[in-house]
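Down below is the structure, laid out as structure tokens.
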Protein chains: 6
Amino acid sequence: MTLTVSRKAHFNAAHRLYSPDWSDEKNREVFGKCSNPNFHGHNYELIASVTGPIDPETGFVIDVKVLKDLIKTQVEDAFDHKNLNLDVDDFSSLNPTAEHIAVAIYNRLKPHLKAGLHLEITLYETPRNFVSYKGISL
Amino acid sequence: MTLTVSRKAHFNAAHRLYSPDWSDEKNREVFGKCSNPNFHGHNYELIASVTGPIDPETGFVIDVKVLKDLIKTQVEDAFDHKNLNLDVDDFSSLNPTAEHIAVAIYNRLKPHLKAGLHLEITLYETPRNFVSYKGISL
Amino acid sequence: MTLTVSRKAHFNAAHRLYSPDWSDEKNREVFGKCSNPNFHGHNYELIASVTGPIDPETGFVIDVKVLKDLIKTQVEDAFDHKNLNLDVDDFSSLNPTAEHIAVAIYNRLKPHLKAGLHLEITLYETPRNFVSYKGISL
Amino acid sequence: MTLTVSRKAHFNAAHRLYSPDWSDEKNREVFGKCSNPNFHGHNYELIASVTGPIDPETGFVIDVKVLKDLIKTQVEDAFDHKNLNLDVDDFSSLNPTAEHIAVAIYNRLKPHLKAGLHLEITLYETPRNFVSYKGISL
Amino acid sequence: MTLTVSRKAHFNAAHRLYSPDWSDEKNREVFGKCSNPNFHGHNYELIASVTGPIDPETGFVIDVKVLKDLIKTQVEDAFDHKNLNLDVDDFSSLNPTAEHIAVAIYNRLKPHLKAGLHLEITLYETPRNFVSYKGISL
Amino acid sequence: MTLTVSRKAHFNAAHRLYSPDWSDEKNREVFGKCSNPNFHGHNYELIASVTGPIDPETGFVIDVKVLKDLIKTQVEDAFDHKNLNLDVDDFSSLNPTAEHIAVAIYNRLKPHLKAGLHLEITLYETPRNFVSYKGISL
């Protein structure tokens, strides 16, 4: 039997949307107030969803405590109370859109999961805007 | 990389469930209090989810501001504070069940998305009842 | 010891804001789209909060099952899936603003509470708009 | 047209994680405080999602009232205010992890759905931990 | 200036409502399924609200990190994943109704607050039932 | 009759906690990661609650549309997508703790309310931390 186990987590961070390939004017035109040079910020709500078979011994797909600790060490410790543009290497040359943050989180968590487990990241940037990423291309 | 970007929106409206092919008695029998001739209403919560590749220039699948404005002009302006049965053409001959409202919203938004983008509509009729539609038949 | 016990409930209804003392034009001017002649509607979320001493025998201020049943018979059965303007006597000559609906609910529940218990009604008309009423004048 | 109709429900129950094949020490080591011999408990939030074609007569995939009643008789009456380990036969020899509870709920509901309808169960054990099951193996 | 600072926390526990002064029959009659001898359980959501003046040096009424840690050591460590009736001394001779749990939490936290700070406890037993206690009698 | 009308709004912003009277070391010691020199950020959820008598003509305490527009022009336009420390005059010499932000919002809105209306500001800095301010000293 295949199930999905999900864990919600939280971090908050400052960021701005900015492309170094563009003039300040074009950044303002495309990204609007999201490109404020002094940054703005969000409470990011993260859901990490792991899909795989139930372990017949434990009855778990993955011990949610393990998943919680993995999110803590790989994501929260790196992103929480940080400026994504200035403090986090993942975005040193990558625009921290919600899409790119979700991919970065996927890339940080996936190598720590056992082979055969699938991962989906859902990331709320605000209560009304969110993205999800499964590590695949259609 | 393929991701899904979702935007939540809101409208409220009156409606009643009613089939013109049936007697009043049969409408009452099948649809119960949802068929009250004087209408009842809901705060509909809408999630429009767009799936496609990340644009390498912007880092967006779709600019969520564009998606927000599209929902505003195509759905909210047409449905908000309206009587779905009496004021909205989509339901002049279509029973406004949550299922049909979700399909109508899909049909209003899909033509405005770039080719290659997939759309899913999730519609909460109440906090406990909701439907979703991806524009496909299994 | 004095505590407050609260119970959340739900009903959905159609309504329109309308003053019979005014012209249609003035109703439209003051109440805007909330005055649509064909009605609109809401999922009303209701919180009834009862304040009083703990009964030393049961450890309850009020048995929440009793409170739940009271809301069912006095409010939900009367308001749910109804048109507040047309189907509910409380609003035959009273404009069904959120404020007036909260007062009507207070007046329906209060007489059924034991002497010495205080009541507060909180009513969400939408997830972003809500009112509360304690039965007092400042 | 194929849609998914979802209904949220609620039950609360006591449980403990425990494998009869293991020593108490190993149970404590693997399951930690979730294995407290005197039990702990949760407010389980359940979402049952049914996927299928729209019935052209009613405009429903499934009447949500039917789905609500099915959840009531097959799940809530059996699980609500119970001790899953001691009071519910499904777990007489099955560790009541969130995964196993979701599978048990699937198995209770699926036989009551018309042929051709798909079912997915989402079960929140806490607001931050949840699982989902579609009755399939990848 | 006087403000209120609130912190939400979470614990889950098993309990049953039971008065040792009554027969089993009377316990069942008064407390219904809440008196199941094998216990049931809840995800309790706790809000601790502290009211007092802003410290002109820090700009805090109370450092929310201090409040969070206080809830952790005084409440979560004692109640989380426990059986309130069997594992927690506060309820060795006190029926663990939501009201009594709120009072017990108040009594655990209040002595650790600086003189002059007021405390209110709000405790959700389910998403629809909650109580609050300010340490006063009307 | 006296009621309270509440409106929820939203803004997101970057900030850091920092006292210019202290060394960097002391700022770090007192404010921890909240004092990150490159800022972090939040989705602030704001509730503005206005208490007063019902206007017998409209049935409103305050037209919630008026309250919504007031929050837009006085708070959202000034704070949304901004760096509170660098971009907002209110905090040019005031540490932007949740407490101080709530007071600043109160001071921005109160002068625009009619005499006799009371105002309470509730501000969520995260889903688990929030403050409220009524403009009074105990």
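Chain lettering (A, B, ...) mirrors the order of the structure tokens, residue numbering begins at 1 for each chain separately, and ligand numbering begins at 1 in order of display.
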
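Counting only C-alpha atoms, F:Pro20 has the following residues at most 9 Å away, ignoring those fewer than 5 positions along the same chain: Asn27, Ser93 and Asn95 of chain F.
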
Please produce an output containing N, CA and C atoms for each residue in the selection, written as a tab-separated table (two decimals), in the first residue's frame.
```tsv
chain	number	residue	atom	x	y	z
F	27	ASN	N	22.01	43.81	21.36
F	27	ASN	CA	20.85	43.58	20.48
F	27	ASN	C	20.71	42.10	20.16
F	93	SER	N	12.51	55.94	14.78
F	93	SER	CA	13.20	55.88	16.06
F	93	SER	C	12.45	55.00	17.06
F	95	ASN	N	11.49	50.84	17.83
F	95	ASN	CA	11.75	49.44	17.53
F	95	ASN	C	10.47	48.77	17.03
```

With DSSP run on the backbone, what are the helix (DSSP H, G or I) residues within stretch 84-119 of chain C? I'd like them as a PyMOL selection string. chain C and resi 84-87+89-91+98-112

Counting only C-alpha atoms, a student should be able to say which residues of chain C come within 8 Å of chain E; what is the right answer, written as a PyMOL selection string? chain C and resi 1-9+52-54+57-61+64

Provide the atom CA of E:His10 to atom CA of E:Asp80 distance in Å, to one decimal place. 8.1 Å

Mind listing the strand (DSSP E or B) residues of chain A, per DSSP on the backbone, as a PyMOL selection string? chain A and resi 2-15+40-53+82-83+118-126+129-133

Could you save the residues just selected, with N, CA and C atoms, as a tab-separated table (two decimals), in the first residue's frame?
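Result file out-v3.tsv:
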```tsv
chain	number	residue	atom	x	y	z
A	2	THR	N	0.49	2.18	-0.88
A	2	THR	CA	1.24	3.41	-1.03
A	2	THR	C	0.45	4.58	-0.43
A	3	LEU	N	1.08	5.34	0.46
A	3	LEU	CA	0.42	6.50	1.06
A	3	LEU	C	1.35	7.70	0.99
A	4	THR	N	0.75	8.85	1.30
A	4	THR	CA	1.51	10.08	1.39
A	4	THR	C	1.44	10.59	2.82
A	5	VAL	N	2.60	10.90	3.40
A	5	VAL	CA	2.68	11.49	4.74
A	5	VAL	C	3.16	12.92	4.61
A	6	SER	N	2.43	13.85	5.21
A	6	SER	CA	2.76	15.27	5.08
A	6	SER	C	3.04	15.90	6.44
A	7	ARG	N	4.00	16.82	6.44
A	7	ARG	CA	4.35	17.56	7.64
A	7	ARG	C	4.37	19.05	7.31
A	8	LYS	N	3.64	19.83	8.10
A	8	LYS	CA	3.68	21.28	7.94
A	8	LYS	C	4.77	21.88	8.81
A	9	ALA	N	5.46	22.90	8.26
A	9	ALA	CA	6.46	23.62	9.03
A	9	ALA	C	6.37	25.10	8.67
A	10	HIS	N	7.20	25.88	9.29
A	10	HIS	CA	7.08	27.33	9.19
A	10	HIS	C	8.45	27.98	9.24
A	11	PHE	N	8.67	28.98	8.39
A	11	PHE	CA	9.82	29.86	8.60
A	11	PHE	C	9.43	31.24	8.11
A	12	ASN	N	10.09	32.26	8.62
A	12	ASN	CA	9.82	33.59	8.08
A	12	ASN	C	11.12	34.22	7.65
A	13	ALA	N	11.04	35.02	6.61
A	13	ALA	CA	12.25	35.52	5.97
A	13	ALA	C	11.93	36.80	5.21
A	14	ALA	N	12.98	37.58	4.97
A	14	ALA	CA	12.88	38.74	4.07
A	14	ALA	C	13.33	38.31	2.68
A	15	HIS	N	12.83	38.97	1.66
A	15	HIS	CA	13.35	38.76	0.31
A	15	HIS	C	12.95	39.95	-0.57
A	40	HIS	N	11.04	43.05	1.56
A	40	HIS	CA	9.82	42.88	2.35
A	40	HIS	C	9.92	41.45	2.88
A	41	GLY	N	8.86	40.88	3.41
A	41	GLY	CA	9.03	39.54	3.98
A	41	GLY	C	7.74	38.77	4.10
A	42	HIS	N	7.88	37.52	4.49
A	42	HIS	CA	6.73	36.63	4.57
A	42	HIS	C	6.89	35.63	5.72
A	43	ASN	N	5.74	35.12	6.20
A	43	ASN	CA	5.70	33.89	6.97
A	43	ASN	C	5.47	32.76	5.98
A	44	TYR	N	6.49	32.06	5.63
A	44	TYR	CA	6.33	30.94	4.70
A	44	TYR	C	5.82	29.72	5.45
A	45	GLU	N	4.74	29.14	4.93
A	45	GLU	CA	4.24	27.87	5.47
A	45	GLU	C	4.62	26.78	4.48
A	46	LEU	N	5.28	25.76	4.98
A	46	LEU	CA	5.83	24.71	4.14
A	46	LEU	C	5.15	23.38	4.45
A	47	ILE	N	4.76	22.64	3.40
A	47	ILE	CA	4.28	21.27	3.58
A	47	ILE	C	5.18	20.35	2.78
A	48	ALA	N	5.84	19.42	3.47
A	48	ALA	CA	6.65	18.41	2.80
A	48	ALA	C	5.86	17.11	2.82
A	49	SER	N	5.60	16.57	1.64
A	49	SER	CA	4.76	15.36	1.49
A	49	SER	C	5.60	14.23	0.90
A	50	VAL	N	5.67	13.12	1.63
A	50	VAL	CA	6.50	11.99	1.24
A	50	VAL	C	5.59	10.81	0.89
A	51	THR	N	5.76	10.27	-0.31
A	51	THR	CA	4.92	9.17	-0.79
A	51	THR	C	5.74	7.89	-0.93
A	52	GLY	N	5.20	6.80	-0.39
A	52	GLY	CA	5.88	5.53	-0.51
A	52	GLY	C	5.09	4.44	0.19
A	53	PRO	N	5.64	3.23	0.24
A	53	PRO	CA	4.93	2.10	0.85
A	53	PRO	C	4.98	2.18	2.38
A	82	LYS	N	15.96	34.83	8.12
A	82	LYS	CA	17.06	35.21	7.24
A	82	LYS	C	16.55	36.13	6.13
A	83	ASN	N	17.51	36.78	5.48
A	83	ASN	CA	17.24	37.49	4.23
A	83	ASN	C	17.63	36.53	3.12
A	118	HIS	N	8.92	9.35	-2.86
A	118	HIS	CA	8.69	10.55	-3.67
A	118	HIS	C	8.44	11.73	-2.74
A	119	LEU	N	8.78	12.92	-3.22
A	119	LEU	CA	8.64	14.13	-2.40
A	119	LEU	C	7.87	15.18	-3.17
A	120	GLU	N	6.93	15.85	-2.47
A	120	GLU	CA	6.28	17.03	-3.04
A	120	GLU	C	6.39	18.16	-2.01
A	121	ILE	N	6.74	19.34	-2.51
A	121	ILE	CA	6.86	20.52	-1.64
A	121	ILE	C	5.71	21.46	-1.98
A	122	THR	N	4.97	21.88	-0.97
A	122	THR	CA	3.98	22.94	-1.14
A	122	THR	C	4.43	24.10	-0.26
A	123	LEU	N	4.47	25.29	-0.84
A	123	LEU	CA	4.98	26.45	-0.11
A	123	LEU	C	3.99	27.60	-0.22
A	124	TYR	N	3.46	28.02	0.94
A	124	TYR	CA	2.58	29.19	1.00
A	124	TYR	C	3.43	30.43	1.22
A	125	GLU	N	3.38	31.39	0.27
A	125	GLU	CA	4.09	32.65	0.46
A	125	GLU	C	3.21	33.62	1.24
A	126	THR	N	1.91	33.57	0.97
A	126	THR	CA	0.90	34.27	1.77
A	126	THR	C	-0.26	33.29	1.91
A	129	ASN	N	-1.47	32.82	-1.73
A	129	ASN	CA	-0.59	32.45	-2.84
A	129	ASN	C	0.28	31.27	-2.43
A	130	PHE	N	0.25	30.19	-3.23
A	130	PHE	CA	1.14	29.08	-2.90
A	130	PHE	C	1.53	28.31	-4.15
A	131	VAL	N	2.62	27.57	-4.03
A	131	VAL	CA	3.14	26.80	-5.16
A	131	VAL	C	3.42	25.38	-4.71
A	132	SER	N	3.48	24.45	-5.68
A	132	SER	CA	3.90	23.10	-5.31
A	132	SER	C	4.79	22.52	-6.40
A	133	TYR	N	5.68	21.63	-5.98
A	133	TYR	CA	6.71	21.07	-6.86
A	133	TYR	C	6.95	19.61	-6.49
```

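Going from atom CA of B:Ile105 over to atom CA of C:Cys34, you cover 22.2 Å.
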
Can you pull out every residue within 7 Å of B:Asn36, counting only C-alpha atoms, but drop anything in the same chain fewer than 3 positions away, and send it as a CSV table (one decimal) with C-alpha atoms, in the first residue's frame?
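around05.csv, freshly written:
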```
chain,number,residue,atom,x,y,z
B,16,ARG,CA,-30.8,27.3,-5.3
B,33,LYS,CA,-33.4,22.5,1.7
B,39,PHE,CA,-32.7,30.9,-2.4
C,82,LYS,CA,-33.2,30.3,4.2
```
